[in-house]
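Below: target-v9.tsv (TSV, C-alpha atoms and all ligand atoms)
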```
chain	number	residue	atom	x	y	z
A	752	MET	CA	-21.92	8.02	-19.88
A	753	SER	CA	-25.07	5.93	-20.10
A	754	MET	CA	-23.74	3.49	-17.48
A	755	THR	CA	-23.67	6.29	-14.94
A	756	MET	CA	-27.39	6.63	-15.37
A	757	THR	CA	-27.91	2.93	-14.73
A	758	TYR	CA	-25.89	3.15	-11.54
A	759	LEU	CA	-27.58	6.32	-10.41
A	760	HIS	CA	-31.12	5.20	-10.64
A	761	THR	CA	-30.48	1.98	-8.75
A	762	PHE	CA	-28.83	3.83	-5.86
A	763	TYR	CA	-30.54	6.74	-4.27
A	764	VAL	CA	-27.78	9.16	-3.34
A	765	VAL	CA	-28.48	11.69	-0.64
A	766	ARG	CA	-26.84	15.09	-1.14
A	767	ASP	CA	-24.76	16.31	1.81
A	768	ASP	CA	-25.28	13.02	3.62
A	769	PRO	CA	-22.53	12.94	6.26
A	770	THR	CA	-22.22	9.17	5.77
A	771	ASN	CA	-21.33	9.78	2.10
A	772	ASN	CA	-17.77	10.94	1.45
A	773	VAL	CA	-17.76	10.64	-2.36
A	774	PRO	CA	-16.98	14.02	-3.95
A	775	ASP	CA	-18.36	14.95	-7.37
A	776	ASN	CA	-14.97	14.64	-9.08
A	777	ILE	CA	-14.89	10.96	-8.05
A	778	PHE	CA	-18.55	10.28	-8.68
A	779	SER	CA	-18.16	11.53	-12.25
A	780	LYS	CA	-15.67	8.72	-12.95
A	781	LEU	CA	-18.33	6.03	-12.54
A	782	GLY	CA	-19.22	4.50	-15.87
A	783	VAL	CA	-16.30	6.03	-17.79
A	784	HIS	CA	-14.88	2.51	-18.26
A	785	LEU	CA	-11.41	3.30	-19.57
A	786	HIS	CA	-10.63	-0.42	-19.40
A	787	ARG	CA	-13.27	-1.15	-22.04
A	788	ARG	CA	-11.75	1.13	-24.68
A	789	ASP	CA	-9.76	-0.92	-27.17
A	790	GLN	CA	-7.69	2.10	-28.20
A	791	HIS	CA	-6.78	3.16	-24.69
A	792	PRO	CA	-3.65	1.85	-22.95
A	793	LEU	CA	-5.77	0.19	-20.25
A	794	GLY	CA	-7.99	-1.55	-22.79
A	795	ILE	CA	-4.97	-2.63	-24.83
A	796	LEU	CA	-3.35	-4.06	-21.70
A	797	LYS	CA	-6.55	-5.84	-20.64
A	798	ASN	CA	-6.81	-7.44	-24.08
A	799	ALA	CA	-3.14	-8.49	-23.99
A	800	ILE	CA	-3.65	-10.17	-20.61
A	801	TYR	CA	-6.78	-11.89	-21.93
A	802	GLU	CA	-4.71	-13.18	-24.83
A	803	TYR	CA	-2.15	-14.69	-22.45
A	804	PHE	CA	-4.83	-16.48	-20.42
A	805	ASP	CA	-6.79	-17.63	-23.47
A	806	THR	CA	-3.73	-19.23	-25.07
A	807	HIS	CA	-2.20	-20.71	-21.91
A	808	TYR	CA	-5.43	-22.01	-20.42
A	809	SER	CA	-7.44	-22.75	-23.59
A	810	ASN	CA	-10.16	-20.18	-22.89
A	811	LYS	CA	-10.91	-21.63	-19.48
A	812	PHE	CA	-10.99	-18.26	-17.68
A	813	ASN	CA	-14.35	-16.50	-17.60
A	814	LYS	CA	-14.01	-12.76	-18.10
A	815	PHE	CA	-15.99	-9.98	-16.46
A	816	ASP	CA	-15.37	-6.30	-17.09
A	817	ASP	CA	-18.62	-4.55	-16.26
A	818	LEU	CA	-19.54	-5.60	-12.74
A	819	CYS	CA	-20.93	-2.60	-10.88
A	820	PRO	CA	-18.28	-0.78	-8.78
A	821	ILE	CA	-20.88	0.12	-6.16
A	822	VAL	CA	-20.79	-2.82	-3.75
A	823	SER	CA	-21.80	-3.64	-0.19
A	824	VAL	CA	-19.44	-3.43	2.77
A	825	LYS	CA	-19.99	-7.19	3.02
A	826	GLN	CA	-18.72	-7.79	-0.52
A	827	ASN	CA	-15.79	-5.41	-0.26
A	828	PHE	CA	-14.58	-6.40	3.22
A	829	ASP	CA	-16.46	-9.17	5.11
A	830	ASP	CA	-16.50	-11.68	2.25
A	831	VAL	CA	-12.70	-11.45	1.94
A	832	LEU	CA	-12.12	-11.67	5.72
A	833	VAL	CA	-10.96	-8.08	6.25
A	834	PRO	CA	-10.98	-7.65	10.05
A	835	GLU	CA	-13.53	-5.27	11.64
A	836	ASP	CA	-10.79	-2.88	12.77
A	837	HIS	CA	-8.69	-2.89	9.57
A	838	VAL	CA	-7.70	0.61	8.40
A	839	SER	CA	-8.97	0.01	4.89
A	840	ARG	CA	-12.54	0.05	6.26
A	841	SER	CA	-12.20	3.62	7.55
A	842	TYR	CA	-13.81	6.68	5.98
A	843	ASN	CA	-10.27	7.94	5.64
A	844	ASP	CA	-9.34	5.19	3.17
A	845	THR	CA	-12.58	4.20	1.46
A	846	TYR	CA	-15.36	6.05	-0.34
A	847	TYR	CA	-18.70	5.29	1.31
A	848	ILE	CA	-22.05	5.90	-0.40
A	849	ASP	CA	-23.76	5.12	2.91
A	850	PRO	CA	-22.70	3.04	5.94
A	851	GLN	CA	-23.40	-0.26	4.12
A	852	THR	CA	-22.33	0.68	0.61
A	853	VAL	CA	-18.93	1.59	-0.82
A	854	LEU	CA	-17.17	2.23	-4.10
A	855	ARG	CA	-15.18	-1.00	-4.27
A	856	CYS	CA	-11.57	-0.49	-3.24
A	857	HIS	CA	-10.45	-3.67	-5.00
A	858	THR	CA	-11.78	-6.18	-7.48
A	859	SER	CA	-11.48	-8.83	-4.75
A	860	ALA	CA	-14.98	-7.63	-3.78
A	861	HIS	CA	-16.34	-10.02	-6.42
A	862	GLN	CA	-14.47	-13.21	-5.46
A	863	ALA	CA	-17.11	-14.70	-3.19
A	864	GLU	CA	-20.17	-14.16	-5.38
A	865	LEU	CA	-18.41	-15.59	-8.45
A	866	LEU	CA	-17.22	-18.63	-6.48
A	867	ARG	CA	-20.75	-19.22	-5.27
A	868	THR	CA	-21.97	-19.01	-8.87
A	869	GLU	CA	-19.68	-21.98	-9.57
A	870	TYR	CA	-16.98	-20.12	-11.47
A	871	THR	CA	-13.57	-21.72	-10.89
A	872	HIS	CA	-11.38	-19.72	-13.30
A	873	PHE	CA	-12.11	-16.03	-13.69
A	874	LEU	CA	-10.73	-12.60	-14.49
A	875	VAL	CA	-12.54	-9.50	-13.21
A	876	THR	CA	-11.46	-6.12	-14.56
A	877	GLY	CA	-12.84	-2.86	-13.26
A	878	ASP	CA	-12.44	0.61	-11.85
A	879	VAL	CA	-11.63	0.76	-8.12
A	880	TYR	CA	-11.67	3.71	-5.75
A	881	ARG	CA	-9.47	4.75	-2.84
A	882	ARG	CA	-8.77	7.83	-0.79
A	883	ASP	CA	-5.01	7.95	-1.09
A	884	SER	CA	-1.93	10.16	-1.32
A	885	ILE	CA	-1.16	12.15	-4.48
A	886	ASP	CA	1.82	11.49	-6.70
A	887	SER	CA	2.64	10.23	-10.19
A	888	THR	CA	1.75	6.58	-9.42
A	889	HIS	CA	-1.31	7.06	-7.16
A	890	TYR	CA	-4.75	8.18	-8.28
A	891	PRO	CA	-8.06	7.91	-6.37
A	892	VAL	CA	-9.63	5.95	-9.22
A	893	PHE	CA	-7.63	3.23	-10.87
A	894	HIS	CA	-8.18	-0.16	-12.45
A	895	GLN	CA	-7.50	-3.66	-11.28
A	896	MET	CA	-7.74	-7.08	-12.77
A	897	GLU	CA	-8.50	-9.89	-10.38
A	898	GLY	CA	-7.51	-13.42	-11.33
A	899	PHE	CA	-8.82	-16.48	-9.54
A	900	ARG	CA	-8.12	-20.17	-10.10
A	901	VAL	CA	-9.54	-23.12	-8.19
A	902	PHE	CA	-7.76	-26.49	-8.17
A	903	VAL	CA	-9.22	-29.93	-7.53
A	904	PRO	CA	-7.36	-32.47	-5.32
A	905	GLU	CA	-6.20	-34.59	-8.28
A	906	GLU	CA	-4.18	-31.64	-9.54
A	907	TRP	CA	-1.94	-31.21	-6.50
A	908	GLU	CA	-1.95	-34.88	-5.54
A	909	ALA	CA	-0.30	-35.75	-8.84
A	910	SER	CA	2.47	-33.23	-8.10
A	911	GLY	CA	3.61	-34.73	-4.79
A	912	MET	CA	3.56	-31.21	-3.29
A	913	ASP	CA	1.22	-30.13	-0.54
A	914	ALA	CA	-1.78	-28.15	-1.72
A	915	THR	CA	-0.58	-24.72	-0.60
A	916	LEU	CA	2.91	-25.03	-2.04
A	917	PHE	CA	1.43	-26.39	-5.25
A	918	ALA	CA	-0.90	-23.39	-5.62
A	919	ALA	CA	1.80	-20.86	-4.71
A	920	THR	CA	4.21	-22.38	-7.23
A	921	ASP	CA	1.59	-22.40	-9.97
A	922	LEU	CA	0.62	-18.80	-9.18
A	923	LYS	CA	4.17	-17.50	-9.46
A	924	GLN	CA	4.74	-19.40	-12.69
A	925	CYS	CA	1.53	-18.00	-14.14
A	926	LEU	CA	2.39	-14.39	-13.27
A	927	GLU	CA	6.03	-14.65	-14.33
A	928	GLY	CA	4.78	-16.03	-17.65
A	929	LEU	CA	2.37	-13.12	-17.93
A	930	ALA	CA	5.18	-10.63	-17.24
A	931	ARG	CA	7.30	-12.22	-19.98
A	932	HIS	CA	4.33	-12.16	-22.37
A	933	LEU	CA	3.83	-8.45	-21.75
A	934	PHE	CA	7.37	-7.19	-21.30
A	935	GLY	CA	9.81	-9.70	-22.69
A	936	ALA	CA	12.77	-9.12	-20.41
A	937	VAL	CA	12.15	-6.92	-17.40
A	938	GLU	CA	13.73	-6.72	-13.96
A	939	MET	CA	11.31	-7.97	-11.33
A	940	ARG	CA	11.25	-9.35	-7.79
A	941	TRP	CA	8.83	-11.09	-5.39
A	942	VAL	CA	8.23	-9.55	-1.98
A	943	ASP	CA	6.44	-11.36	0.88
A	944	THR	CA	3.48	-9.43	2.23
A	945	TYR	CA	0.16	-9.76	4.05
A	946	PHE	CA	-3.43	-9.77	2.80
A	947	PRO	CA	-6.36	-10.93	4.96
A	948	PHE	CA	-7.65	-13.12	2.13
A	949	THR	CA	-4.49	-14.99	1.12
A	950	ASN	CA	-1.76	-16.93	2.87
A	951	PRO	CA	1.02	-16.93	1.87
A	952	SER	CA	0.82	-13.54	0.14
A	953	PHE	CA	3.20	-11.88	-2.29
A	954	GLU	CA	3.69	-8.66	-4.21
A	955	LEU	CA	5.46	-8.36	-7.54
A	956	GLU	CA	7.62	-5.33	-8.17
A	957	ILE	CA	9.10	-4.15	-11.45
A	958	TYR	CA	12.11	-1.87	-11.81
A	959	PHE	CA	10.91	1.34	-13.48
A	960	LYS	CA	12.50	4.79	-13.67
A	961	GLU	CA	15.17	3.93	-11.10
A	962	LYS	CA	12.66	2.63	-8.55
A	963	TRP	CA	10.89	-0.60	-7.62
A	964	LEU	CA	7.22	-0.20	-8.53
A	965	GLU	CA	4.61	-2.46	-6.93
A	966	VAL	CA	2.39	-3.79	-9.72
A	967	LEU	CA	0.33	-6.58	-8.13
A	968	GLY	CA	-0.67	-8.44	-4.99
A	969	CYS	CA	-1.46	-12.16	-4.90
A	970	GLY	CA	-1.44	-15.33	-2.87
A	971	VAL	CA	-3.01	-18.63	-1.96
A	972	THR	CA	-6.65	-18.06	-1.03
A	973	GLU	CA	-7.60	-18.50	2.63
A	974	GLN	CA	-9.38	-21.83	3.08
A	975	GLU	CA	-12.19	-20.07	4.94
A	976	ILE	CA	-13.23	-18.24	1.75
A	977	LEU	CA	-13.44	-21.48	-0.21
A	978	LYS	CA	-15.30	-23.19	2.62
A	979	ARG	CA	-17.89	-20.43	2.91
A	980	ASN	CA	-18.53	-20.47	-0.81
A	981	GLY	CA	-19.08	-24.15	-1.44
A	982	LYS	CA	-15.51	-25.29	-2.21
A	983	PRO	CA	-14.29	-26.89	1.07
A	984	ASN	CA	-12.10	-29.50	-0.62
A	985	ASN	CA	-10.26	-27.26	-3.04
A	986	VAL	CA	-7.34	-24.85	-3.03
A	987	ALA	CA	-7.12	-21.67	-5.05
A	988	TRP	CA	-4.89	-18.78	-5.90
A	989	ALA	CA	-5.83	-15.17	-6.53
A	990	PHE	CA	-4.12	-12.04	-7.77
A	991	GLY	CA	-4.99	-8.36	-8.17
A	992	LEU	CA	-3.06	-6.45	-10.85
A	993	GLY	CA	-2.81	-2.67	-10.88
A	994	LEU	CA	-3.46	-1.98	-14.57
A	995	GLU	CA	-2.19	1.62	-14.55
A	996	ARG	CA	1.07	0.54	-12.92
A	997	LEU	CA	1.67	-2.16	-15.53
A	998	ALA	CA	0.64	0.15	-18.35
A	999	MET	CA	3.02	2.87	-17.13
A	1000	VAL	CA	5.93	0.46	-17.47
A	1001	LEU	CA	4.69	-1.09	-20.69
A	1002	PHE	CA	3.95	2.13	-22.60
A	1003	ASP	CA	6.41	4.39	-20.75
A	1004	ILE	CA	3.65	6.62	-19.40
A	1005	PRO	CA	5.25	8.92	-16.81
A	1006	ASP	CA	2.20	10.11	-14.87
A	1007	ILE	CA	-0.97	8.27	-13.87
A	1008	ARG	CA	-3.18	11.31	-14.62
A	1009	LEU	CA	-2.50	10.87	-18.33
A	1010	PHE	CA	-4.84	7.85	-18.47
A	1011	TRP	CA	-7.75	10.27	-18.01
A	1012	SER	CA	-6.58	12.70	-20.66
A	1013	ASN	CA	-8.79	13.42	-23.66
A	1014	ASP	CA	-5.96	15.34	-25.31
A	1015	GLU	CA	-5.50	14.09	-28.88
A	1016	ARG	CA	-1.75	14.16	-28.39
A	1017	PHE	CA	-2.23	11.39	-25.84
A	1018	THR	CA	-5.15	9.41	-27.21
A	1019	SER	CA	-3.94	9.32	-30.82
A	1020	GLN	CA	-0.75	7.51	-29.81
A	1021	PHE	CA	-2.79	4.41	-28.95
A	1022	SER	CA	-5.09	4.40	-31.97
A	1023	LYS	CA	-3.63	1.14	-33.31
A	1024	GLY	CA	-4.97	-0.65	-30.28
A	1025	GLN	CA	-1.81	-2.72	-29.88
A	1026	LEU	CA	1.14	-3.29	-27.59
A	1027	GLY	CA	4.58	-2.14	-28.67
A	1028	VAL	CA	3.91	1.59	-28.48
A	1029	LYS	CA	6.15	3.84	-26.39
A	1030	PHE	CA	4.47	7.04	-25.35
A	1031	LYS	CA	6.16	10.18	-26.69
A	1032	PRO	CA	5.58	12.99	-24.20
A	1033	PHE	CA	4.41	16.18	-25.82
A	1034	SER	CA	6.58	18.98	-24.51
A	1035	LYS	CA	6.90	18.86	-20.76
A	1036	TYR	CA	5.36	21.86	-19.04
A	1037	PRO	CA	7.11	23.25	-15.97
A	1038	PRO	CA	5.84	22.35	-12.50
A	1039	CYS	CA	5.12	25.05	-9.96
A	1040	TYR	CA	5.68	24.36	-6.25
A	1041	LYS	CA	3.75	25.94	-3.40
A	1042	ASP	CA	4.48	25.27	0.25
A	1043	MET	CA	1.93	25.49	3.02
A	1044	SER	CA	2.55	25.08	6.78
A	1045	PHE	CA	-0.07	24.58	9.45
A	1046	TRP	CA	-0.63	23.26	12.97
A	1047	ILE	CA	-2.49	20.00	12.68
A	1048	ASN	CA	-5.23	18.76	14.98
A	1049	GLU	CA	-6.05	15.22	16.13
A	1050	SER	CA	-8.33	14.44	13.24
A	1051	PHE	CA	-5.91	15.61	10.55
A	1052	THR	CA	-4.97	13.02	7.90
A	1053	GLU	CA	-2.98	13.32	4.73
A	1054	ASN	CA	-5.76	11.62	2.73
A	1055	ASN	CA	-8.21	14.34	3.83
A	1056	LEU	CA	-5.73	17.00	2.74
A	1057	CYS	CA	-5.31	15.28	-0.62
A	1058	GLU	CA	-9.09	15.18	-1.09
A	1059	VAL	CA	-9.28	18.94	-0.53
A	1060	VAL	CA	-6.44	19.62	-2.96
A	1061	ARG	CA	-7.81	17.23	-5.60
A	1062	GLY	CA	-11.27	18.76	-5.18
A	1063	ILE	CA	-9.93	22.19	-6.08
A	1064	ALA	CA	-7.08	21.51	-8.48
A	1065	GLY	CA	-8.35	18.29	-10.10
A	1066	ASP	CA	-5.74	16.87	-12.45
A	1067	LEU	CA	-3.62	20.01	-12.21
A	1068	VAL	CA	-2.08	18.68	-9.00
A	1069	GLU	CA	0.84	16.37	-9.57
A	1070	GLU	CA	2.07	15.67	-6.05
A	1071	VAL	CA	1.40	16.51	-2.42
A	1072	GLN	CA	4.43	15.87	-0.28
A	1073	LEU	CA	5.15	16.29	3.42
A	1074	ILE	CA	8.48	18.14	3.56
A	1075	ASP	CA	8.66	19.16	7.21
A	1076	ASN	CA	7.14	17.85	10.42
A	1077	PHE	CA	7.93	18.93	13.99
A	1078	THR	CA	6.32	19.14	17.41
A	1079	ASN	CA	7.00	22.17	19.62
A	1080	LYS	CA	7.43	22.26	23.42
A	1081	LYS	CA	3.70	22.80	23.90
A	1082	GLY	CA	3.03	19.58	22.02
A	1083	MET	CA	1.65	21.27	18.91
A	1084	THR	CA	2.59	19.56	15.64
A	1085	SER	CA	3.31	21.48	12.49
A	1086	HIS	CA	3.31	20.04	8.98
A	1087	CYS	CA	4.68	21.65	5.88
A	1088	TYR	CA	3.36	20.29	2.60
A	1089	ARG	CA	4.74	21.02	-0.83
A	1090	ILE	CA	2.14	20.96	-3.57
A	1091	ALA	CA	3.35	20.51	-7.14
A	1092	TYR	CA	1.01	21.93	-9.76
A	1093	ARG	CA	1.52	20.94	-13.36
A	1094	SER	CA	-0.75	20.36	-16.29
A	1095	MET	CA	0.01	17.48	-18.62
A	1096	GLU	CA	-1.45	19.48	-21.49
A	1097	ARG	CA	-0.52	23.16	-21.25
A	1098	SER	CA	1.42	25.82	-19.32
A	1099	LEU	CA	-0.33	27.17	-16.27
A	1100	THR	CA	-0.24	30.90	-15.57
A	1101	ASP	CA	0.97	32.32	-12.26
A	1102	GLU	CA	-2.45	33.79	-11.76
A	1103	GLU	CA	-4.15	30.45	-12.16
A	1104	ILE	CA	-1.80	28.73	-9.71
A	1105	ASN	CA	-2.07	31.50	-7.14
A	1106	ASP	CA	-5.81	31.25	-7.39
A	1107	LEU	CA	-5.74	27.48	-6.83
A	1108	GLN	CA	-3.35	27.80	-3.91
A	1109	TRP	CA	-5.49	30.53	-2.37
A	1110	LYS	CA	-8.56	28.27	-2.50
A	1111	VAL	CA	-6.57	25.38	-1.06
A	1112	ARG	CA	-5.45	27.54	1.86
A	1113	GLU	CA	-9.02	28.64	2.46
A	1114	GLN	CA	-10.46	25.14	2.40
A	1115	VAL	CA	-7.81	23.44	4.52
A	1116	GLN	CA	-8.80	25.91	7.22
A	1117	SER	CA	-12.55	25.64	6.78
A	1118	LYS	CA	-12.78	21.91	6.08
A	1119	LEU	CA	-9.87	20.48	8.05
A	1120	ASN	CA	-9.88	23.02	10.88
A	1121	VAL	CA	-6.12	23.41	10.87
A	1122	VAL	CA	-4.34	26.66	11.70
A	1123	LEU	CA	-2.16	28.06	8.94
A	1124	ARG	CA	1.21	29.41	10.02
B	1	LIG	C1	-5.21	-5.37	-3.35
B	1	LIG	O1	-6.00	-4.53	-3.73
B	1	LIG	C2	-5.58	-6.83	-3.27
B	1	LIG	N1	-7.01	-6.95	-3.45
B	1	LIG	C3	-4.82	-7.60	-4.36
B	1	LIG	C4	-4.95	-9.07	-4.19
B	1	LIG	C5	-5.93	-9.77	-4.87
B	1	LIG	C6	-4.10	-9.75	-3.33
B	1	LIG	C7	-6.07	-11.13	-4.72
B	1	LIG	C8	-4.23	-11.12	-3.15
B	1	LIG	C9	-5.21	-11.80	-3.86
B	1	LIG	P1	-3.22	-3.66	-3.11
B	1	LIG	O2	-3.91	-2.73	-2.22
B	1	LIG	O3	-1.78	-3.90	-2.85
B	1	LIG	O4	-3.89	-5.12	-3.04
B	1	LIG	O5	-3.43	-3.17	-4.60
B	1	LIG	C10	-3.10	-3.99	-5.71
B	1	LIG	C11	-2.39	-3.15	-6.76
B	1	LIG	O6	-3.17	-2.02	-7.13
B	1	LIG	C12	-1.07	-2.57	-6.31
B	1	LIG	O7	-0.04	-3.53	-6.41
B	1	LIG	C13	-0.88	-1.41	-7.28
B	1	LIG	O8	-0.40	-1.91	-8.51
B	1	LIG	C14	-2.30	-0.94	-7.50
B	1	LIG	N2	-2.63	0.28	-6.71
B	1	LIG	C15	-2.88	0.38	-5.39
B	1	LIG	N3	-3.19	1.65	-5.03
B	1	LIG	C16	-3.15	2.39	-6.17
B	1	LIG	C17	-3.40	3.78	-6.49
B	1	LIG	N4	-3.79	4.68	-5.58
B	1	LIG	N5	-3.26	4.18	-7.79
B	1	LIG	C18	-2.90	3.28	-8.72
B	1	LIG	N6	-2.67	1.97	-8.51
B	1	LIG	C19	-2.78	1.52	-7.25
B	2	MG	MG	-0.11	-3.21	-1.96
```
Any chance you could give the structure as C-alpha cells?
Ligand code: FA5
Ligand code: MG
Amino acid sequence: MSMTMTYLHTFYVVRDDPTNNVPDNIFSKLGVHLHRRDQHPLGILKNAIYEYFDTHYSNKFNKFDDLCPIVSVKQNFDDVLVPEDHVSRSYNDTYYIDPQTVLRCHTSAHQAELLRTEYTHFLVTGDVYRRDSIDSTHYPVFHQMEGFRVFVPEEWEASGMDATLFAATDLKQCLEGLARHLFGAVEMRWVDTYFPFTNPSFELEIYFKEKWLEVLGCGVTEQEILKRNGKPNNVAWAFGLGLERLAMVLFDIPDIRLFWSNDERFTSQFSKGQLGVKFKPFSKYPPCYKDMSFWINESFTENNLCEVVRGIAGDLVEEVQLIDNFTNKKGMTSHCYRIAYRSMERSLTDEEINDLQWKVREQVQSKLNVVLR
C-alpha cells in the first residue's frame, strides 16, 4: 500500500468536500495495482499481451504500468477531444477529487503526454475508475491497457491504401492476432461505434456464457490529437482493452468481484503465473434477492443508487437491476430495483442480509431523497 501514500501526500484531499465524490471504498483501491502482480489473472494477462507485442513488433512498444491514476480533467477529457457536454464528464459518471482533478476513467488520459514526449509505440496499463451499474461484468474500478501506434507516411504510401484505411486495417489485424495469441479459436465480431478521439471507431466483442461481451474499444486516432502533439504528418491507431473482461473469458472467471478476492481458494489457482488455467469455482453460495420500490425524483440516477448500495454492501452485492418502472396519472415515477446479495467466499446469514437491506433502505431515503413505497 506504499503507493497510496505517495498519491496521498501529493494531493491534498478535503474531507466532505462537495466537489469530491470519491467514497472511501473506492479511494482504498488506489495503489493496490492488481495488474502488477505476476500471479494474479490481470498480471498474467498483461504479461501475455506484452509477449505478443514484444515478439510481433521486436520490442518496439514502450510499456508503462504505474502512471498515476489521479489526472487532470484536461488529461482525461480535453486532451482526447471529449466535448464539454459529454455525459462522461458528469459527476454521475466520473469520480472527481476536485473540479479540475479526476480518477482517470480510461487509460486514454495518457495518450497526449506520451505523444508529446516523442513516444510512437506504447502500451499503458492501469486501474481506471467509473461510477457505473452493478452486475457480474461491471465494477467501479477496473483495468485497461491502452495501445498506441504512430505511422510515418512511407508506411502507408507503400501500401497504396489511403492513410486511414491503412491504419484501420493494421489495427484490426493486430488485435485479431492478439485474440488468437490469447485464446486460440474464439468467436468474435467487430461492431462500429463512436469515440470522440478516434474515427472510424470499433468495438470487439467475444462470445462468452451465451452472450456477446464487449472487450475493447479502438480506432484510427483523430488527426487533431496528432496535430496538437507534434505529429501533424502522421496517422495512428489506438485501442483500450478491458483487462477484466478478457481475463474473465480467458480464465473462465464468472464474476468481476473475484479479481479483488484475497481468498486462497481464488489466489492459489493462479500461483503458476501462466495462461492455460481455468478457474474452478469453489462451491457456489446461494444468492439472496431483495426488492425495493420507491418514487424517484428529478435528480435520481441509477449510478447514485449503485454507489449507495456498494457503499453499504461492498463486494457482497452482485447485481442491482431495475425490474419495474411506471409513471402514474399524477406524473410520479416509481422504480422497483432487485438487489442480489451473494458472497463469493461464504454463505450469508438472513440476519446479515436483512441488516444490509435495512441500511440500504435508510440511505436511499436520506441520501437520494426518494420516497419508499
Ligand atoms: C474506452 O474507455 C476508450 N478509452 C477505449 C479506446 C481507447 C477507444 C483508444 C479508442 C481508442 P470504453 O468505455 O468502451 O472505451 O471502455 C473500454 C473497455 O473497458 C470496454 O470495452 C470494457 O471491456 C471495459 N469496461 C468498461 N466499463 C467497465 C466496467 N464498469 N467494468 C469492467 N470493465 C469495463
Ligand atoms: Mg464501450
Would you mind listing, for every residue of chain A within 6 Å of ligand LIG 1 (chain B), the two atoms forming the shortest contact and the distance between them in Å to one decimal, using all atoms listed in the file, sorted by chain and ascending residue number, as CSV?
```
residue,atom,partner,partner_atom,distance
A:His857,CA,B:LIG1,O1,4.7
A:Ser859,CA,B:LIG1,N1,5.0
A:Asp883,CA,B:LIG1,N4,5.7
A:Thr888,CA,B:LIG1,C18,5.7
A:His889,CA,B:LIG1,N5,3.5
A:Tyr890,CA,B:LIG1,N5,4.3
A:Pro891,CA,B:LIG1,N4,5.4
A:Phe893,CA,B:LIG1,C18,5.2
A:Thr949,CA,B:LIG1,C8,5.8
A:Glu965,CA,B:LIG1,O7,4.8
A:Val966,CA,B:LIG1,O8,3.6
A:Leu967,CA,B:LIG1,O7,3.5
A:Gly968,CA,B:LIG1,C6,4.0
A:Cys969,CA,B:LIG1,C8,3.4
A:Gly970,CA,B:LIG1,C8,5.1
A:Ala989,CA,B:LIG1,C9,4.3
A:Phe990,CA,B:LIG1,C7,3.7
A:Gly991,CA,B:LIG1,C5,3.7
A:Leu992,CA,B:LIG1,C11,5.3
A:Gly993,CA,B:LIG1,O8,3.5
A:Arg996,CA,B:LIG1,O8,5.3
```
Review point. In Å, how far is it from atom CA of Leu955 of chain A to atom CA of His786 of chain A?
Key: 21.5 Å
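Proximity of A:Leu874, A:Val942, A:Met1043, A:Leu1067 to ligand MG 2 (chain B), computed with only C-alpha atoms and all ligand atoms, is greatest for A:Val942.
Straight-line separation from atom CA of Phe1021 of chain A to atom CA of Gly794 of chain A: 10.0 Å.
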Review point. When distances are computed from only C-alpha atoms and all ligand atoms, which of A:Val1059, A:Cys856, A:His1086, A:Val903 shows the smallest separation from ligand MG 2 (chain B)?
Key: A:Cys856
Check your understanding: Quick one: distance from atom CA of Pro769 of chain A to atom CA of Asp817 of chain A in Å, one decimal?
Key -> 28.8 Å
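Those residues that approach Leu832 of chain A to within 12 Å, counting all atoms listed in the file, are Val824, Lys825, Gln826, Asn827, His837, Arg840, Ser859, Ala860, Gln862, Ala863, Phe946, Pro947, Phe948, Thr949, Asn950, Thr972, Glu973, Gln974, Glu975, Ile976, Leu977 and Arg979 of chain A; same-chain residues fewer than 5 positions away are not listed.
Using all atoms listed in the file, the smallest distance between any of A:Phe1033, A:Trp907, A:Tyr945, A:Phe804 and ligand MG 2 (chain B) comes from A:Tyr945.
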Practice item. Mind checking which residues fall within 8 Å of segment 921-926 of chain A, counting only C-alpha atoms, ignoring those fewer than 3 positions away in the same chain, and posting them as number ranges by chain? Key: A: 917-918, 929-930, 970, 988-989
Print the selection's residues with C-alpha atoms to a file, as a PDB file, keeping the file's coordinate frame.
```
ATOM      1  CA  PHE A 917       1.430 -26.390  -5.250  1.00  0.00           C
ATOM      2  CA  ALA A 918      -0.900 -23.390  -5.620  1.00  0.00           C
ATOM      3  CA  LEU A 929       2.370 -13.120 -17.930  1.00  0.00           C
ATOM      4  CA  ALA A 930       5.180 -10.630 -17.240  1.00  0.00           C
ATOM      5  CA  GLY A 970      -1.440 -15.330  -2.870  1.00  0.00           C
ATOM      6  CA  TRP A 988      -4.890 -18.780  -5.900  1.00  0.00           C
ATOM      7  CA  ALA A 989      -5.830 -15.170  -6.530  1.00  0.00           C
TER       8      ALA A 989
END
```
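With all atoms listed in the file as the atoms that count, the minimum distance from ligand MG 2 (chain B) to the choices A:Ser1044, A:Gln1116, A:Cys1087, A:Gln895 is reached by A:Gln895.
Nearest to ligand MG 2 (chain B) of all the residues A:Val838, A:Val879, A:Leu866, A:Glu956 is A:Glu956, counting all atoms listed in the file.
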